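Trainee: What follows is a structure written as structure tokens; I'll ask about it next.
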Amino acid sequence: MITVAKHLAACLEIAHAAAPLDVVLPDAVGCVLAEDVVADMDLPVADLAGCDGYAVTAAEVAGASSGPVRLDVMDAVRAGDARAMRLVRGACVLIDSGAPMPRGADAVVSWRDTDRGTSQVVVRRAVVAGQNVRRRAEEVEAGVKVLTEGSRVSARQVGLLAGLGRHRVKVHPAPRVVIVSIGDELVEPGNRCGLGEVYDANGHALASAVTEAGGQAFRVAAVPDEVRPLTETIEDQLVRADVLITTGGMSLGQGDTVKDVLAPLGSVRFDAVAMSPGHQFGLGTVRDTPIFCLPGDPVSAQIAFETFVRPVLRQIGGWSTLHRLSLPATVTHGWDSPVGRREFVPVHLTGSPAQGYRAEPTSEPGRTSLLGLAWANAIAVVPEDTGLVAAGSSLHCLLLES
């Protein structure tokens, strides 16, 4: 039997960050930057109107606070208008928000502070130089690093990149992860479930977990415990998989074929890991593709994913932080824990940084419960050398919603 730490180290050893790819912006969403992004232009590229109104020289409307000021409207400028234009004395320019400021203008009077005239306009409120103007390079100056390698690309970063004229960026691609559920008893949710059959909770849960971890999930319909269909499925899926996950098919009972199928395909070993829930796990590579064999019990499979697979997917995806955040919490009541195994107990955390946190198990420790896991927002971790968790003792808890 090997420790959780040793098995995790072995998992991380077989998978490395994917080679960077230069991709178009839509394909970069959710990925991690593989380069620093340096602006090669100012943003904005020129002084722009910050609102709809009239471009003016602030000094000429300084008296508008004590009485209306009348100006000639010499022209109109819309957003995108690139004409060279200079403001003359006693005049203004009708201007749209986002349009380039005429030379000589240093402020914009909002429409609501005028009579909205077209040939002449009455200004009823003074403005100061720079008011309602977006100055050139006030957001970004050319040559400045705006995004750092290792940052995740989301809609906000795409907006900045597009605003700077970038249509491609170098990222670590999200790993493509194929999930294969194994078992003659598995039924797809939505279909009728007969006596002795169960719904395939693992396939859906693990696919969702992969997506949450930043990967691209491809769920395969449940495969029976038969050598030929399982072999064909795995061989077919290797074409598109950066990582392959199987769940189920590892007990000692008749008809469990995972070991028999994987043995001739690659270097996959099966170890007993000192943890609860879960016991036996498969790990290795098949044609250079990392493969993780997880238990068939849904709670054990999800906790195993959190413990071993999620850090691997984040490592492949170029993330700098691989593990969930954790914090200490006081348990509300005690329980017996299996000595020699690291126990993972779903809990519901309450509290605050100032007052401290309390952890209440969402199901009876030592028993797996999908309902309990669904109600949990953290996983309490009991060390291997602890046989009795006393009420009021402190445990580190992995935050599932971090």
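Letters for chains follow the order of the structure tokens (A, B, ...), residue numbers begin at 1 for each chain, and ligand numbers begin at 1 in the order shown.
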Quick one: contact table of segment 280-343 of chain A to segment 34-51 of chain A, 12 Å max, nearest atom pair and distance in Å to one decimal per residue, counting only C-alpha atoms, chain and number order, as a tab-separated table?

Mentor:
residue	atom	partner	partner_atom	distance
A:Gly317	CA	A:Ala34	CA	9.9
A:Gly318	CA	A:Ala34	CA	7.7
A:Trp319	CA	A:Ala34	CA	10.0
A:Ser320	CA	A:Ala34	CA	11.4

Trainee: Store the residues picked out above, limited to all heavy atoms, as a PDB file, in the first residue's frame.

Mentor:
ATOM      1  N   GLY A 317      -2.365  22.240 -18.108  1.00  0.00           N
ATOM      2  CA  GLY A 317      -2.894  23.491 -18.634  1.00  0.00           C
ATOM      3  C   GLY A 317      -2.057  24.711 -18.320  1.00  0.00           C
ATOM      4  O   GLY A 317      -2.424  25.820 -18.704  1.00  0.00           O
ATOM      5  N   GLY A 318      -0.922  24.539 -17.623  1.00  0.00           N
ATOM      6  CA  GLY A 318      -0.017  25.643 -17.367  1.00  0.00           C
ATOM      7  C   GLY A 318      -0.357  26.491 -16.159  1.00  0.00           C
ATOM      8  O   GLY A 318       0.206  27.578 -15.987  1.00  0.00           O
ATOM      9  N   TRP A 319      -1.257  26.008 -15.287  1.00  0.00           N
ATOM     10  CA  TRP A 319      -1.624  26.776 -14.103  1.00  0.00           C
ATOM     11  C   TRP A 319      -0.465  26.806 -13.108  1.00  0.00           C
ATOM     12  O   TRP A 319       0.259  25.817 -12.941  1.00  0.00           O
ATOM     13  CB  TRP A 319      -2.841  26.172 -13.425  1.00  0.00           C
ATOM     14  CG  TRP A 319      -4.094  26.272 -14.228  1.00  0.00           C
ATOM     15  CD1 TRP A 319      -4.476  25.445 -15.243  1.00  0.00           C
ATOM     16  CD2 TRP A 319      -5.125  27.251 -14.100  1.00  0.00           C
ATOM     17  NE1 TRP A 319      -5.688  25.853 -15.761  1.00  0.00           N
ATOM     18  CE2 TRP A 319      -6.109  26.952 -15.082  1.00  0.00           C
ATOM     19  CE3 TRP A 319      -5.315  28.341 -13.261  1.00  0.00           C
ATOM     20  CZ2 TRP A 319      -7.265  27.719 -15.232  1.00  0.00           C
ATOM     21  CZ3 TRP A 319      -6.468  29.099 -13.410  1.00  0.00           C
ATOM     22  CH2 TRP A 319      -7.426  28.781 -14.386  1.00  0.00           C
ATOM     23  N   SER A 320      -0.293  27.932 -12.425  1.00  0.00           N
ATOM     24  CA  SER A 320       0.761  28.033 -11.410  1.00  0.00           C
ATOM     25  C   SER A 320       0.306  27.432 -10.085  1.00  0.00           C
ATOM     26  O   SER A 320       1.131  26.934  -9.313  1.00  0.00           O
ATOM     27  CB  SER A 320       1.172  29.494 -11.208  1.00  0.00           C
ATOM     28  OG  SER A 320       0.055  30.292 -10.847  1.00  0.00           O
TER      29      SER A 320
END

Trainee: So that I can see what lies close to segment 260-263 of chain A, please list as a list in words the residues with an atom at most 10 Å from it, counting only C-alpha atoms and leaving out residues fewer than 5 positions away in the same chain.

Mentor: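 Everything that qualifies: Glu226, Val227, Arg228, Pro229, Leu230, Thr231, Glu232, Ile234, Val268, Arg269, Gly282, Gly284, Thr285, Val286 and Ile291 of chain A.
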
Trainee: So how many Å separate atom CA of Gly30 of chain A and atom CA of Leu399 of chain A, to one decimal?

Mentor: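 These two atoms are separated by 20.7 Å.
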
Trainee: I need the residues of segment 309-365 of chain A that end up classed as strand (DSSP E or B) by DSSP on the backbone, written out as a PyMOL selection string.

Mentor: chain A and resi 326-331+335-336+342-352+356-361

Trainee: Give me, as a list in words, the residues of segment 65-188 of chain A that a backbone DSSP run labels alpha helix (DSSP H).

Mentor: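 Selecting the alpha helix (DSSP H) positions of segment 65-188 of chain A gives Ala155, Arg156, Gln157, Val158, Gly159, Leu160, Leu161, Ala162 and Gly163 of chain A.
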
Trainee: Could you produce a table of the residues of segment 131-238 of chain A lying within 10 Å of segment 304-316 of chain A, with the nearest pair of atoms per residue and their separation in Å rounded to one decimal, using only C-alpha atoms, ordered by chain and increasing residue number, as JSON lines?

Mentor:
{"residue": "A:His172", "atom": "CA", "partner": "A:Ile316", "partner_atom": "CA", "distance": 7.9}
{"residue": "A:Pro173", "atom": "CA", "partner": "A:Ile316", "partner_atom": "CA", "distance": 8.3}
{"residue": "A:Ala174", "atom": "CA", "partner": "A:Ile316", "partner_atom": "CA", "distance": 7.6}
{"residue": "A:Pro175", "atom": "CA", "partner": "A:Ile316", "partner_atom": "CA", "distance": 6.5}
{"residue": "A:Arg176", "atom": "CA", "partner": "A:Leu313", "partner_atom": "CA", "distance": 9.3}
{"residue": "A:Val177", "atom": "CA", "partner": "A:Leu313", "partner_atom": "CA", "distance": 8.7}
{"residue": "A:Leu206", "atom": "CA", "partner": "A:Phe305", "partner_atom": "CA", "distance": 7.6}
{"residue": "A:Ala209", "atom": "CA", "partner": "A:Phe305", "partner_atom": "CA", "distance": 8.0}
{"residue": "A:Val210", "atom": "CA", "partner": "A:Arg310", "partner_atom": "CA", "distance": 7.4}
{"residue": "A:Glu212", "atom": "CA", "partner": "A:Arg310", "partner_atom": "CA", "distance": 9.2}
{"residue": "A:Ala213", "atom": "CA", "partner": "A:Arg310", "partner_atom": "CA", "distance": 6.2}
{"residue": "A:Gly214", "atom": "CA", "partner": "A:Arg314", "partner_atom": "CA", "distance": 7.0}
{"residue": "A:Gly215", "atom": "CA", "partner": "A:Leu313", "partner_atom": "CA", "distance": 6.7}
{"residue": "A:Gln216", "atom": "CA", "partner": "A:Leu313", "partner_atom": "CA", "distance": 10.0}

Trainee: Could you write those residues out with all heavy atoms, as a JSON list (two decimals), in the first residue's frame?

Mentor:
[["chain", "number", "residue", "atom", "x", "y", "z"],
["A", 172, "HIS", "N", -1.22, 27.96, -23.15],
["A", 172, "HIS", "CA", -1.16, 26.52, -22.92],
["A", 172, "HIS", "C", -2.55, 25.96, -23.20],
["A", 172, "HIS", "O", -3.51, 26.36, -22.53],
["A", 172, "HIS", "CB", -0.77, 26.21, -21.47],
["A", 172, "HIS", "CG", 0.60, 26.66, -21.09],
["A", 172, "HIS", "ND1", 1.74, 26.03, -21.51],
["A", 172, "HIS", "CD2", 1.00, 27.73, -20.33],
["A", 172, "HIS", "CE1", 2.80, 26.65, -21.02],
["A", 172, "HIS", "NE2", 2.38, 27.68, -20.31],
["A", 173, "PRO", "N", -2.70, 25.11, -24.19],
["A", 173, "PRO", "CA", -4.05, 24.63, -24.53],
["A", 173, "PRO", "C", -4.66, 23.82, -23.39],
["A", 173, "PRO", "O", -3.96, 23.12, -22.66],
["A", 173, "PRO", "CB", -3.81, 23.76, -25.77],
["A", 173, "PRO", "CG", -2.38, 23.35, -25.68],
["A", 173, "PRO", "CD", -1.65, 24.49, -25.03],
["A", 174, "ALA", "N", -5.96, 23.93, -23.25],
["A", 174, "ALA", "CA", -6.67, 23.14, -22.25],
["A", 174, "ALA", "C", -6.58, 21.67, -22.61],
["A", 174, "ALA", "O", -6.77, 21.29, -23.77],
["A", 174, "ALA", "CB", -8.14, 23.56, -22.19],
["A", 175, "PRO", "N", -6.25, 20.79, -21.66],
["A", 175, "PRO", "CA", -6.14, 19.37, -21.97],
["A", 175, "PRO", "C", -7.47, 18.76, -22.38],
["A", 175, "PRO", "O", -8.51, 19.08, -21.80],
["A", 175, "PRO", "CB", -5.63, 18.75, -20.66],
["A", 175, "PRO", "CG", -6.03, 19.73, -19.60],
["A", 175, "PRO", "CD", -5.98, 21.08, -20.23],
["A", 176, "ARG", "N", -7.43, 17.91, -23.39],
["A", 176, "ARG", "CA", -8.63, 17.19, -23.83],
["A", 176, "ARG", "C", -8.70, 15.89, -23.03],
["A", 176, "ARG", "O", -7.80, 15.05, -23.11],
["A", 176, "ARG", "CB", -8.54, 16.90, -25.32],
["A", 176, "ARG", "CG", -8.51, 18.15, -26.20],
["A", 176, "ARG", "CD", -8.10, 17.82, -27.61],
["A", 176, "ARG", "NE", -6.74, 17.27, -27.64],
["A", 176, "ARG", "CZ", -6.13, 16.86, -28.74],
["A", 176, "ARG", "NH1", -6.75, 16.91, -29.90],
["A", 176, "ARG", "NH2", -4.90, 16.39, -28.67],
["A", 177, "VAL", "N", -9.77, 15.74, -22.28],
["A", 177, "VAL", "CA", -9.89, 14.64, -21.33],
["A", 177, "VAL", "C", -11.09, 13.77, -21.71],
["A", 177, "VAL", "O", -12.22, 14.26, -21.78],
["A", 177, "VAL", "CB", -10.05, 15.16, -19.89],
["A", 177, "VAL", "CG1", -10.08, 13.99, -18.90],
["A", 177, "VAL", "CG2", -8.93, 16.13, -19.55],
["A", 206, "LEU", "N", -17.64, 13.52, -13.49],
["A", 206, "LEU", "CA", -16.24, 13.71, -13.84],
["A", 206, "LEU", "C", -16.08, 14.64, -15.04],
["A", 206, "LEU", "O", -15.14, 15.44, -15.09],
["A", 206, "LEU", "CB", -15.58, 12.36, -14.12],
["A", 206, "LEU", "CG", -15.45, 11.44, -12.89],
["A", 206, "LEU", "CD1", -14.90, 10.07, -13.31],
["A", 206, "LEU", "CD2", -14.55, 12.07, -11.83],
["A", 209, "ALA", "N", -16.39, 17.99, -13.63],
["A", 209, "ALA", "CA", -15.20, 18.33, -12.85],
["A", 209, "ALA", "C", -14.03, 18.70, -13.76],
["A", 209, "ALA", "O", -13.24, 19.60, -13.45],
["A", 209, "ALA", "CB", -14.81, 17.15, -11.95],
["A", 210, "VAL", "N", -13.90, 18.00, -14.88],
["A", 210, "VAL", "CA", -12.85, 18.33, -15.85],
["A", 210, "VAL", "C", -13.03, 19.75, -16.38],
["A", 210, "VAL", "O", -12.08, 20.54, -16.46],
["A", 210, "VAL", "CB", -12.86, 17.33, -17.02],
["A", 210, "VAL", "CG1", -12.03, 17.83, -18.20],
["A", 210, "VAL", "CG2", -12.34, 15.98, -16.56],
["A", 212, "GLU", "N", -14.63, 22.24, -14.94],
["A", 212, "GLU", "CA", -14.36, 23.18, -13.86],
["A", 212, "GLU", "C", -12.86, 23.34, -13.63],
["A", 212, "GLU", "O", -12.40, 24.41, -13.21],
["A", 212, "GLU", "CB", -15.03, 22.72, -12.57],
["A", 212, "GLU", "CG", -16.55, 22.83, -12.59],
["A", 212, "GLU", "CD", -17.19, 22.28, -11.33],
["A", 212, "GLU", "OE1", -16.45, 21.74, -10.49],
["A", 212, "GLU", "OE2", -18.42, 22.42, -11.18],
["A", 213, "ALA", "N", -12.09, 22.30, -13.90],
["A", 213, "ALA", "CA", -10.64, 22.35, -13.70],
["A", 213, "ALA", "C", -9.91, 23.01, -14.87],
["A", 213, "ALA", "O", -8.70, 23.19, -14.81],
["A", 213, "ALA", "CB", -10.09, 20.94, -13.48],
["A", 214, "GLY", "N", -10.66, 23.37, -15.91],
["A", 214, "GLY", "CA", -10.04, 24.04, -17.06],
["A", 214, "GLY", "C", -9.77, 23.15, -18.24],
["A", 214, "GLY", "O", -9.13, 23.59, -19.20],
["A", 215, "GLY", "N", -10.25, 21.90, -18.20],
["A", 215, "GLY", "CA", -10.02, 20.99, -19.32],
["A", 215, "GLY", "C", -11.21, 20.95, -20.26],
["A", 215, "GLY", "O", -12.28, 21.51, -19.99],
["A", 216, "GLN", "N", -11.02, 20.25, -21.39],
["A", 216, "GLN", "CA", -12.11, 19.99, -22.33],
["A", 216, "GLN", "C", -12.55, 18.54, -22.13],
["A", 216, "GLN", "O", -11.76, 17.61, -22.32],
["A", 216, "GLN", "CB", -11.64, 20.18, -23.77],
["A", 216, "GLN", "CG", -11.37, 21.61, -24.17],
["A", 216, "GLN", "CD", -10.97, 21.69, -25.63],
["A", 216, "GLN", "OE1", -9.83, 21.37, -26.01],
["A", 216, "GLN", "NE2", -11.88, 22.10, -26.48]]

Trainee: Given only C-alpha atoms as the basis, pick out the residue of A:Cys92, A:Leu71, A:Leu395, A:Ala59 nearest to Val127 of chain A.

Mentor: A:Ala59

Trainee: Rank nothing, just name the residue among A:Gly194, A:Pro26, A:Gly159, A:Gly392 nearest to Arg358 of chain A, using only C-alpha atoms.

Mentor: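 Checking each candidate against Arg358 of chain A, we get A:Gly392 as the closest.
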
Trainee: Tell me, as number ranges by chain, which residues lie within 9 Å of Ser66 of chain A, counting only C-alpha atoms; anything in the same chain fewer than 6 positions away does not count.

Mentor: A: 124-126

Trainee: Any chance you can output those residues with N, CA, C and O atoms as a PDB file, in the first residue's frame?

Mentor:
ATOM      1  N   ARG A 124     -24.954  75.969 -21.031  1.00  0.00           N
ATOM      2  CA  ARG A 124     -25.483  76.444 -19.751  1.00  0.00           C
ATOM      3  C   ARG A 124     -24.620  76.044 -18.543  1.00  0.00           C
ATOM      4  O   ARG A 124     -24.959  76.383 -17.406  1.00  0.00           O
ATOM      5  N   ARG A 125     -23.550  75.316 -18.808  1.00  0.00           N
ATOM      6  CA  ARG A 125     -22.691  74.906 -17.683  1.00  0.00           C
ATOM      7  C   ARG A 125     -21.235  74.915 -18.127  1.00  0.00           C
ATOM      8  O   ARG A 125     -20.908  74.415 -19.211  1.00  0.00           O
ATOM      9  N   ALA A 126     -20.394  75.464 -17.298  1.00  0.00           N
ATOM     10  CA  ALA A 126     -18.963  75.516 -17.610  1.00  0.00           C
ATOM     11  C   ALA A 126     -18.326  74.136 -17.445  1.00  0.00           C
ATOM     12  O   ALA A 126     -18.823  73.278 -16.700  1.00  0.00           O
TER      13      ALA A 126
END

Trainee: I want to know what sits within 9 Å of His7 of chain A, based on only C-alpha atoms, with residues of the same chain fewer than 3 positions away left out; could you give that as a ChimeraX atom specification?

Mentor: /A:2-4,10-12,271,273,283,308
